[in-house]
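Novice: Handing over data17.pdb, PDB, C-alpha atoms.
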```
ATOM      1  CA  MET A   1      30.802 -33.899 -18.645
ATOM      2  CA  LYS A   2      31.582 -34.299 -22.360
ATOM      3  CA  LYS A   3      31.974 -38.062 -21.933
ATOM      4  CA  LEU A   4      28.625 -38.307 -20.103
ATOM      5  CA  LEU A   5      26.832 -36.363 -22.818
ATOM      6  CA  THR A   6      28.342 -38.511 -25.576
ATOM      7  CA  THR A   7      27.291 -41.701 -23.778
ATOM      8  CA  MET A   8      23.721 -40.446 -23.361
ATOM      9  CA  ILE A   9      23.389 -39.451 -27.010
ATOM     10  CA  LEU A  10      24.724 -42.831 -28.165
ATOM     11  CA  ALA A  11      22.320 -44.613 -25.832
ATOM     12  CA  ALA A  12      19.408 -42.562 -27.093
ATOM     13  CA  THR A  13      20.396 -43.362 -30.691
ATOM     14  CA  ALA A  14      20.707 -47.068 -29.969
ATOM     15  CA  ILE A  15      17.320 -47.444 -28.297
ATOM     16  CA  THR A  16      15.491 -45.953 -31.291
ATOM     17  CA  THR A  17      16.306 -49.169 -33.235
ATOM     18  CA  ASN A  18      14.150 -51.242 -30.882
ATOM     19  CA  ALA A  19      10.795 -51.994 -32.512
ATOM     20  CA  GLN A  20       8.943 -51.281 -29.279
ATOM     21  CA  TRP A  21      10.567 -47.834 -28.857
ATOM     22  CA  ASN A  22       8.877 -44.837 -30.447
ATOM     23  CA  ASN A  23       9.721 -41.151 -30.844
ATOM     24  CA  TRP A  24       8.006 -40.224 -27.566
ATOM     25  CA  HIS A  25      10.252 -42.646 -25.660
ATOM     26  CA  THR A  26      13.290 -41.189 -27.356
ATOM     27  CA  THR A  27      12.279 -37.637 -26.450
ATOM     28  CA  GLN A  28      11.643 -38.618 -22.844
ATOM     29  CA  ALA A  29      14.990 -40.411 -22.573
ATOM     30  CA  ILE A  30      16.930 -37.464 -23.968
ATOM     31  CA  SER A  31      14.981 -34.999 -21.780
ATOM     32  CA  GLY A  32      15.726 -37.128 -18.740
ATOM     33  CA  GLY A  33      19.405 -37.196 -19.651
ATOM     34  CA  PHE A  34      19.563 -33.435 -19.992
ATOM     35  CA  GLY A  35      17.731 -33.256 -16.659
ATOM     36  CA  ILE A  36      20.602 -35.160 -15.044
ATOM     37  CA  ILE A  37      23.112 -32.805 -16.647
ATOM     38  CA  GLY A  38      21.056 -29.824 -15.434
ATOM     39  CA  SER A  39      21.070 -31.213 -11.895
ATOM     40  CA  ILE A  40      24.854 -31.636 -11.992
ATOM     41  CA  ILE A  41      25.319 -28.066 -13.264
ATOM     42  CA  GLU A  42      22.847 -26.710 -10.708
ATOM     43  CA  SER A  43      24.619 -28.541  -7.891
ATOM     44  CA  ALA A  44      27.967 -27.116  -8.998
ATOM     45  CA  GLU A  45      26.492 -23.609  -9.213
ATOM     46  CA  ARG A  46      25.007 -23.949  -5.722
ATOM     47  CA  LYS A  47      28.368 -25.034  -4.362
ATOM     48  CA  LYS A  48      30.089 -22.096  -6.047
ATOM     49  CA  ALA A  49      27.463 -19.664  -4.738
ATOM     50  CA  MET A  50      27.888 -21.028  -1.219
ATOM     51  CA  GLU A  51      31.653 -20.606  -1.427
ATOM     52  CA  ILE A  52      31.197 -16.978  -2.538
ATOM     53  CA  TRP A  53      28.696 -16.400   0.294
ATOM     54  CA  GLU A  54      31.109 -17.836   2.881
ATOM     55  CA  ARG A  55      33.914 -15.577   1.627
ATOM     56  CA  GLU A  56      31.656 -12.528   1.743
ATOM     57  CA  LYS A  57      30.446 -13.452   5.231
ATOM     58  CA  ALA A  58      34.023 -13.547   6.504
ATOM     59  CA  GLN A  59      34.859 -10.360   4.606
ATOM     60  CA  TYR A  60      31.993  -8.318   6.099
ATOM     61  CA  GLN A  61      32.081  -9.725   9.618
ATOM     62  CA  PRO A  62      34.479  -7.001  10.939
ATOM     63  CA  THR A  63      32.160  -4.350   9.454
ATOM     64  CA  PHE A  64      29.176  -5.924  11.196
ATOM     65  CA  LEU A  65      30.960  -6.174  14.547
ATOM     66  CA  GLN A  66      32.160  -2.579  14.309
ATOM     67  CA  ALA A  67      28.665  -1.283  13.486
ATOM     68  CA  HIS A  68      27.099  -3.339  16.269
ATOM     69  CA  GLU A  69      29.571  -2.186  18.909
ATOM     70  CA  GLU A  70      29.305   1.424  17.729
ATOM     71  CA  ALA A  71      25.506   1.217  17.939
ATOM     72  CA  LYS A  72      25.633   0.001  21.542
ATOM     73  CA  ARG A  73      28.091   2.762  22.460
ATOM     74  CA  LEU A  74      25.983   5.484  20.854
ATOM     75  CA  GLU A  75      22.838   4.163  22.527
ATOM     76  CA  LYS A  76      24.546   4.236  25.897
ATOM     77  CA  GLU A  77      25.524   7.873  25.257
ATOM     78  CA  GLY A  78      21.951   8.779  24.310
ATOM     79  CA  SER A  79      22.743   9.480  20.662
ATOM     80  CA  TRP A  80      19.522   7.838  19.550
ATOM     81  CA  GLU A  81      19.490   8.740  15.857
ATOM     82  CA  ASP A  82      23.104   7.715  15.278
ATOM     83  CA  ALA A  83      22.594   4.547  17.316
ATOM     84  CA  LEU A  84      19.529   3.630  15.275
ATOM     85  CA  SER A  85      21.440   4.193  12.038
ATOM     86  CA  LYS A  86      24.241   1.896  13.207
ATOM     87  CA  TYR A  87      21.826  -0.806  14.383
ATOM     88  CA  GLU A  88      20.197  -0.713  10.939
ATOM     89  CA  GLU A  89      23.604  -0.958   9.279
ATOM     90  CA  ALA A  90      24.399  -4.009  11.402
ATOM     91  CA  SER A  91      20.969  -5.510  10.715
ATOM     92  CA  LYS A  92      21.355  -5.220   6.955
ATOM     93  CA  LEU A  93      24.547  -7.272   7.082
ATOM     94  CA  ASN A  94      23.061  -9.665   9.618
ATOM     95  CA  CYS A  95      20.042 -10.374   7.415
ATOM     96  CA  ASP A  96      22.414 -11.229   4.570
ATOM     97  CA  TYR A  97      24.960 -13.283   6.507
ATOM     98  CA  GLY A  98      23.471 -14.298   9.883
ATOM     99  CA  TYR A  99      26.104 -13.222  12.389
ATOM    100  CA  THR A 100      23.765 -13.110  15.388
ATOM    101  CA  ASP A 101      20.121 -13.334  16.490
ATOM    102  CA  GLN A 102      18.201 -10.917  14.257
ATOM    103  CA  LYS A 103      15.223 -10.795  16.601
ATOM    104  CA  GLY A 104      17.252  -8.943  19.233
ATOM    105  CA  LEU A 105      18.485  -6.415  16.681
ATOM    106  CA  SER A 106      14.984  -5.834  15.316
ATOM    107  CA  MET A 107      13.580  -5.290  18.807
ATOM    108  CA  LYS A 108      16.356  -2.781  19.516
ATOM    109  CA  ILE A 109      15.602  -0.888  16.304
ATOM    110  CA  THR A 110      11.872  -0.793  17.100
ATOM    111  CA  SER A 111      12.557   0.553  20.593
ATOM    112  CA  LEU A 112      14.660   3.425  19.182
ATOM    113  CA  TYR A 113      12.256   4.723  16.521
ATOM    114  CA  ALA A 114      10.445   7.166  18.805
ATOM    115  CA  LYS A 115      13.613   8.220  20.676
ATOM    116  CA  ALA A 116      15.310   9.010  17.372
ATOM    117  CA  GLY A 117      12.318  10.945  16.050
ATOM    118  CA  ARG A 118      11.771   8.388  13.311
ATOM    119  CA  THR A 119       8.053   7.948  13.987
ATOM    120  CA  GLU A 120       7.297   7.661  10.270
ATOM    121  CA  ASP A 121       9.392   4.488  10.204
ATOM    122  CA  GLY A 122       8.435   3.294  13.656
ATOM    123  CA  PRO A 123       5.300   3.591  15.790
ATOM    124  CA  SER A 124       3.174   4.965  12.938
ATOM    125  CA  VAL A 125       3.769   1.754  11.006
ATOM    126  CA  VAL A 126       4.866  -0.899  13.479
ATOM    127  CA  ASN A 127       2.486  -1.619  16.369
ATOM    128  CA  ASN A 128       0.538   1.586  15.897
ATOM    129  CA  PRO A 129      -1.289   2.153  19.225
ATOM    130  CA  SER A 130      -4.179   3.924  17.479
ATOM    131  CA  VAL A 131      -5.316   0.575  16.100
ATOM    132  CA  THR A 132      -6.031  -0.636  19.632
ATOM    133  CA  LEU A 133      -7.847   2.538  20.771
ATOM    134  CA  ALA A 134     -11.208   2.270  19.047
ATOM    135  CA  ASP A 135     -14.385   3.153  20.961
ATOM    136  CA  TYR A 136     -15.405  -0.397  21.804
ATOM    137  CA  SER A 137     -18.472   0.774  23.745
ATOM    138  CA  LYS A 138     -20.339   1.165  20.446
ATOM    139  CA  TYR A 139     -20.060  -2.553  19.660
ATOM    140  CA  ARG A 140     -22.573  -5.075  20.929
ATOM    141  CA  PHE A 141     -19.869  -7.749  21.066
ATOM    142  CA  THR A 142     -16.075  -7.640  21.435
ATOM    143  CA  LEU A 143     -13.796 -10.636  21.812
ATOM    144  CA  GLN A 144     -10.179  -9.777  22.592
ATOM    145  CA  ASN A 145      -7.246 -12.049  21.872
ATOM    146  CA  PRO A 146      -9.153 -14.793  20.056
ATOM    147  CA  ILE A 147      -5.769 -15.890  18.592
ATOM    148  CA  SER A 148      -7.280 -17.169  15.389
ATOM    149  CA  ARG A 149      -4.381 -18.050  13.124
ATOM    150  CA  GLY A 150      -4.312 -18.491   9.395
ATOM    151  CA  LYS A 151      -3.341 -21.599   7.478
ATOM    152  CA  LYS A 152       0.032 -23.226   8.102
ATOM    153  CA  SER A 153       1.509 -21.212   5.230
ATOM    154  CA  ASN A 154       0.360 -18.016   6.997
ATOM    155  CA  TYR A 155       1.306 -18.928  10.562
ATOM    156  CA  ASN A 156       2.758 -15.494  11.355
ATOM    157  CA  THR A 157      -0.618 -13.697  11.174
ATOM    158  CA  LYS A 158      -3.258 -13.862  13.883
ATOM    159  CA  ILE A 159      -6.516 -12.150  14.770
ATOM    160  CA  VAL A 160      -6.296 -10.371  18.112
ATOM    161  CA  ARG A 161      -9.741  -8.735  18.410
ATOM    162  CA  VAL A 162     -13.189  -9.032  16.820
ATOM    163  CA  SER A 163     -15.873  -6.398  17.410
ATOM    164  CA  CYS A 164     -19.422  -6.464  16.012
ATOM    165  CA  SER A 165     -22.085  -3.756  16.027
ATOM    166  CA  ASP A 166     -25.298  -2.973  14.148
ATOM    167  CA  THR A 167     -23.326  -0.866  11.681
ATOM    168  CA  GLU A 168     -19.958  -2.597  11.175
ATOM    169  CA  THR A 169     -17.680  -5.556  11.854
ATOM    170  CA  ARG A 170     -14.164  -4.695  12.983
ATOM    171  CA  ILE A 171     -11.340  -7.255  12.843
ATOM    172  CA  GLU A 172      -7.897  -6.451  14.260
ATOM    173  CA  LEU A 173      -4.945  -8.537  13.139
ATOM    174  CA  GLU A 174      -1.258  -8.723  13.926
ATOM    175  CA  THR A 175       1.370 -10.016  11.539
ATOM    176  CA  GLU A 176       5.090 -10.525  12.016
ATOM    177  CA  SER A 177       7.595  -9.915   9.252
ATOM    178  CA  ASP A 178       9.884 -12.781   8.286
ATOM    179  CA  GLU A 179      12.166 -10.910   5.885
ATOM    180  CA  PRO A 180      13.638  -7.403   5.438
ATOM    181  CA  GLY A 181      11.261  -4.934   3.814
ATOM    182  CA  ASP A 182       8.332  -7.336   3.945
ATOM    183  CA  ALA A 183       5.570  -6.002   1.669
ATOM    184  CA  LEU A 184       1.954  -6.210   2.852
ATOM    185  CA  TYR A 185      -1.416  -5.116   1.501
ATOM    186  CA  ILE A 186      -5.058  -6.156   1.606
ATOM    187  CA  LYS A 187      -6.925  -7.046  -1.561
ATOM    188  CA  PRO A 188     -10.057  -4.929  -2.057
ATOM    189  CA  GLN A 189     -12.043  -8.105  -2.782
ATOM    190  CA  THR A 190     -11.507  -9.334   0.811
ATOM    191  CA  TYR A 191     -14.816 -10.231   2.458
ATOM    192  CA  ILE A 192     -16.531 -11.785   5.457
ATOM    193  CA  LYS A 193     -19.429 -14.231   5.241
ATOM    194  CA  SER A 194     -21.749 -15.836   7.765
ATOM    195  CA  LYS A 195     -24.625 -18.297   7.524
ATOM    196  CA  HIS A 196     -27.281 -15.663   6.818
ATOM    197  CA  SER A 197     -25.192 -13.098   4.928
ATOM    198  CA  ASP A 198     -23.874 -12.672   1.433
ATOM    199  CA  LYS A 199     -20.214 -11.817   0.945
ATOM    200  CA  LEU A 200     -19.675  -8.512   2.770
ATOM    201  CA  ARG A 201     -16.825  -6.655   1.088
ATOM    202  CA  LEU A 202     -14.116  -4.653   2.800
ATOM    203  CA  SER A 203     -15.306  -1.148   3.771
ATOM    204  CA  SER A 204     -12.098   0.432   5.092
ATOM    205  CA  VAL A 205      -8.749  -0.322   6.731
ATOM    206  CA  GLU A 206      -6.538   1.109   9.478
ATOM    207  CA  ASN A 207      -2.723   1.022   9.485
ATOM    208  CA  ILE A 208      -2.396  -1.051   6.308
ATOM    209  CA  THR A 209      -2.855  -0.302   2.619
ATOM    210  CA  VAL A 210      -5.259  -1.687   0.039
ATOM    211  CA  ALA A 211      -3.649  -3.186  -3.085
ATOM    212  CA  PRO A 212      -1.913  -2.121  -5.201
ATOM    213  CA  THR A 213      -0.392   0.238  -2.600
ATOM    214  CA  ILE A 214       2.116  -1.543  -0.335
ATOM    215  CA  THR A 215       2.855  -1.264   3.396
ATOM    216  CA  ARG A 216       6.390  -2.330   4.293
ATOM    217  CA  ILE A 217       7.666  -3.711   7.592
ATOM    218  CA  PRO A 218      11.349  -2.722   7.712
ATOM    219  CA  TRP A 219      12.963  -5.668   9.524
ATOM    220  CA  PRO A 220      12.283  -9.341  10.360
ATOM    221  CA  TYR A 221      10.406 -10.010  13.632
ATOM    222  CA  GLN A 222       8.820  -6.554  13.650
ATOM    223  CA  LYS A 223       5.053  -6.665  13.989
ATOM    224  CA  LEU A 224       2.296  -4.757  12.261
ATOM    225  CA  ARG A 225      -1.098  -4.424  13.913
ATOM    226  CA  PHE A 226      -3.946  -3.284  11.691
ATOM    227  CA  ALA A 227      -7.726  -3.314  11.421
ATOM    228  CA  LEU A 228     -10.141  -4.358   8.671
ATOM    229  CA  ILE A 229     -13.645  -2.874   8.695
ATOM    230  CA  PHE A 230     -16.643  -4.599   7.082
ATOM    231  CA  PRO A 231     -20.418  -4.037   7.042
ATOM    232  CA  ALA A 232     -22.468  -5.419   9.921
ATOM    233  CA  LEU A 233     -23.213  -9.124  10.089
ATOM    234  CA  PRO A 234     -26.743 -10.394  10.802
ATOM    235  CA  ALA A 235     -27.344 -10.257  14.553
ATOM    236  CA  GLU A 236     -28.576 -13.864  14.609
ATOM    237  CA  ASP A 237     -25.276 -15.257  13.295
ATOM    238  CA  GLY A 238     -22.745 -16.413  15.861
ATOM    239  CA  GLU A 239     -19.824 -17.205  13.556
ATOM    240  CA  PHE A 240     -18.346 -15.971  10.298
ATOM    241  CA  ASP A 241     -15.339 -16.442   8.000
ATOM    242  CA  LEU A 242     -12.759 -13.887   6.860
ATOM    243  CA  ILE A 243     -11.468 -14.545   3.336
ATOM    244  CA  GLU A 244      -8.945 -12.774   1.132
ATOM    245  CA  PRO A 245      -9.382 -14.397  -2.307
ATOM    246  CA  SER A 246      -6.374 -16.130  -3.890
ATOM    247  CA  SER A 247      -4.216 -15.892  -0.772
ATOM    248  CA  ASP A 248      -3.461 -17.644   2.524
ATOM    249  CA  TRP A 249      -5.442 -15.050   4.486
ATOM    250  CA  LYS A 250      -8.361 -17.293   5.373
ATOM    251  CA  PHE A 251      -9.764 -17.417   8.902
ATOM    252  CA  LYS A 252     -12.686 -19.700   9.669
ATOM    253  CA  GLU A 253     -15.407 -19.721  12.348
ATOM    254  CA  LEU A 254     -14.729 -16.363  14.000
ATOM    255  CA  ARG A 255     -17.145 -15.538  16.785
ATOM    256  CA  CYS A 256     -19.367 -12.486  16.511
ATOM    257  CA  ARG A 257     -21.635 -12.982  19.535
TER     258      ARG A 257
END
```
Go ahead and express the file in the form of structure tokens.
Specialist:
Amino acid sequence: MKKLLTTMILAATAITTNAQWNNWHTTQAISGGFGIIGSIIESAERKKAMEIWEREKAQYQPTFLQAHEEAKRLEKEGSWEDALSKYEEASKLNCDYGYTDQKGLSMKITSLYAKAGRTEDGPSVVNNPSVTLADYSKYRFTLQNPISRGKKSNYNTKIVRVSCSDTETRIELETESDEPGDALYIKPQTYIKSKHSDKLRLSSVENITVAPTITRIPWPYQKLRFALIFPALPAEDGEFDLIEPSSDWKFKELRCR
């Protein structure tokens, strides 16, 4: 490393004597050289971090296996709360070190929330049935399962129902977490817009929070279903857009009749 640095400095000094070489060229050459050194250091640090991670993975694997097996035993015995606690213990290690399929563990945790009496962590947040039990008879138009997805960078969110009436526009969405403790919220500036309407701002929400308050999904692959309520769109408009400013939550050409 010392030899490489010395060579680069000498080279940078030598090239300044060329009549066609100015101070900007010198600065760029030295910056580029330090960039190479930075890349070498970064590569070495990544390798060291990976070695530490591999050692920790091997170190905690018995703990993971013990928690997982204990969770299955407790579930079989009907000890729901203790089983849930052990599944969560196993999931925490699994999210860090990837011992097994996390989706299966997350589904098991979700299925035990109600049995363990943990409704504040479970059904009240994840897949809340109340979001799907609106009085749809009051809407002049309802389209279920339109499966309108966001941009590629927001592929895990989709619209599952759109309902329009003379008083409001209701949009139900479902999003899937891709990391532990995924933090979600809706910006208050979120709006819908159609051909004959101005921007219609968010009126209210169900089962999700408005920024800066955060709603958390505990584990990867768990789903949150929620509703966004807006003012009514003009009856003559057949399509509209849903936009959350400065984010990937943009859905185009949603049907409203």
Novice: What does the PyMOL selection byres ((chain A and resi 216) around 12) select in this file, as a PyMOL selection string?
Specialist: chain A and resi 120-122+124-126+175-185+207-209+213-215+217-220+222-224
Novice: Could you pull the residues within 9 Å of A:Val160, counting all atoms listed in the file, minus those fewer than 3 positions along the same chain, as an mmCIF file with C-alpha atoms, in the coordinates of the input?
Specialist:
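The result, stored in around31.cif:
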```cif
data_model
loop_
_atom_site.group_PDB
_atom_site.id
_atom_site.type_symbol
_atom_site.label_atom_id
_atom_site.label_comp_id
_atom_site.auth_asym_id
_atom_site.auth_seq_id
_atom_site.Cartn_x
_atom_site.Cartn_y
_atom_site.Cartn_z
ATOM 1 C CA LEU A 143 -13.796 -10.636 21.812
ATOM 2 C CA GLN A 144 -10.179 -9.777 22.592
ATOM 3 C CA ASN A 145 -7.246 -12.049 21.872
ATOM 4 C CA PRO A 146 -9.153 -14.793 20.056
ATOM 5 C CA ILE A 147 -5.769 -15.890 18.592
ATOM 6 C CA SER A 148 -7.280 -17.169 15.389
ATOM 7 C CA ILE A 171 -11.340 -7.255 12.843
ATOM 8 C CA GLU A 172 -7.897 -6.451 14.260
ATOM 9 C CA LEU A 173 -4.945 -8.537 13.139
ATOM 10 C CA GLU A 174 -1.258 -8.723 13.926
ATOM 11 C CA ARG A 225 -1.098 -4.424 13.913
#
```
Novice: Between A:Lys187, A:Gln61, A:Glu88, A:Lys195, single out the one closest to A:Asp248, counting all atoms listed in the file.
Specialist: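 Comparing A:Lys187, A:Gln61, A:Glu88, A:Lys195 against A:Asp248, the winner is A:Lys187.
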Novice: Could you write out as JSON, numbers by chain the residues that the PyMOL selection byres ((chain A and resi 192) around 12) matches in the shown file?
Specialist: {"A": [168, 169, 170, 171, 189, 190, 191, 193, 194, 195, 196, 197, 198, 199, 200, 201, 202, 203, 228, 229, 230, 231, 232, 233, 234, 239, 240, 241, 242, 243, 244, 245, 249, 250, 251, 252, 253, 254, 255, 256]}
Novice: Around all the atoms of stretch 219-223 of chain A listed in the file, draw an axis-aligned box and extend it by 5 Å on each of the six sides; I want its centre and edge lengths in Å to one decimal, as JSON.
Specialist:
```
{"center_x": 9.0, "center_y": -7.8, "center_z": 11.8, "size_x": 17.9, "size_y": 14.3, "size_z": 14.5}
```
Novice: Find the spatial neighbours of stretch 92-103 of chain A, counting all atoms listed in the file, within a cut-off of 7 Å - ignore same-chain residues fewer than 2 positions away - and output them as number ranges by chain.
Specialist: A: 57, 64, 88-90, 105-107, 221
Novice: Keeping C-alpha atoms for every residue in the selection just given, could you write it to a file as an mmCIF file, in the frame of the given file?
Specialist:
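Dumped everything to out.cif:
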```
data_model
loop_
_atom_site.group_PDB
_atom_site.id
_atom_site.type_symbol
_atom_site.label_atom_id
_atom_site.label_comp_id
_atom_site.auth_asym_id
_atom_site.auth_seq_id
_atom_site.Cartn_x
_atom_site.Cartn_y
_atom_site.Cartn_z
ATOM 1 C CA LYS A 57 30.446 -13.452 5.231
ATOM 2 C CA PHE A 64 29.176 -5.924 11.196
ATOM 3 C CA GLU A 88 20.197 -0.713 10.939
ATOM 4 C CA GLU A 89 23.604 -0.958 9.279
ATOM 5 C CA ALA A 90 24.399 -4.009 11.402
ATOM 6 C CA LEU A 105 18.485 -6.415 16.681
ATOM 7 C CA SER A 106 14.984 -5.834 15.316
ATOM 8 C CA MET A 107 13.580 -5.290 18.807
ATOM 9 C CA TYR A 221 10.406 -10.010 13.632
#
```
Novice: Please compute the atom CA of A:Ala114-atom CA of A:Tyr60 distance, one decimal, in Å.
Specialist: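 Atom CA of A:Tyr60 lies 29.4 Å from atom CA of A:Ala114.
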Novice: Between A:Val162, A:Lys108, A:Asp82, A:Pro212, which is the closest to A:Arg140 once you count all atoms listed in the file?
Specialist: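 Closest to A:Arg140, using all atoms listed in the file: A:Val162.
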Novice: Looking at A:Tyr136, A:Tyr87, A:Phe141, A:Trp80, which one is nearest to A:Lys115, with distances taken over only C-alpha atoms?
Specialist: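 Smallest separation from A:Lys115 among the options: A:Trp80.
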Novice: What gap, in Å, lies between atom CA of A:Leu84 and atom CA of A:Asn156?
Specialist: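 Answer for the atom CA of A:Leu84 to atom CA of A:Asn156 separation: 25.7 Å.
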Novice: How many Å separate atom CA of A:Ser247 from atom CA of A:Pro188?
Specialist: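 Distance between the two atoms: 12.5 Å.
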Novice: Please determine, counting all atoms listed in the file, which residue among A:Ser204, A:Ser85, A:Ser130, A:Ser165 has the shortest atom-to-atom distance to A:Thr110.
Specialist: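 With all atoms listed in the file as the atom set, the closest residue is A:Ser85.
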Novice: If we count only C-alpha atoms, what is near A:Glu69 at a cut-off of 10 Å, once residues fewer than 3 positions away on the same chain are taken out, given as a PyMOL selection string?
Specialist: chain A and resi 64-66+72-75+83+86-87+90
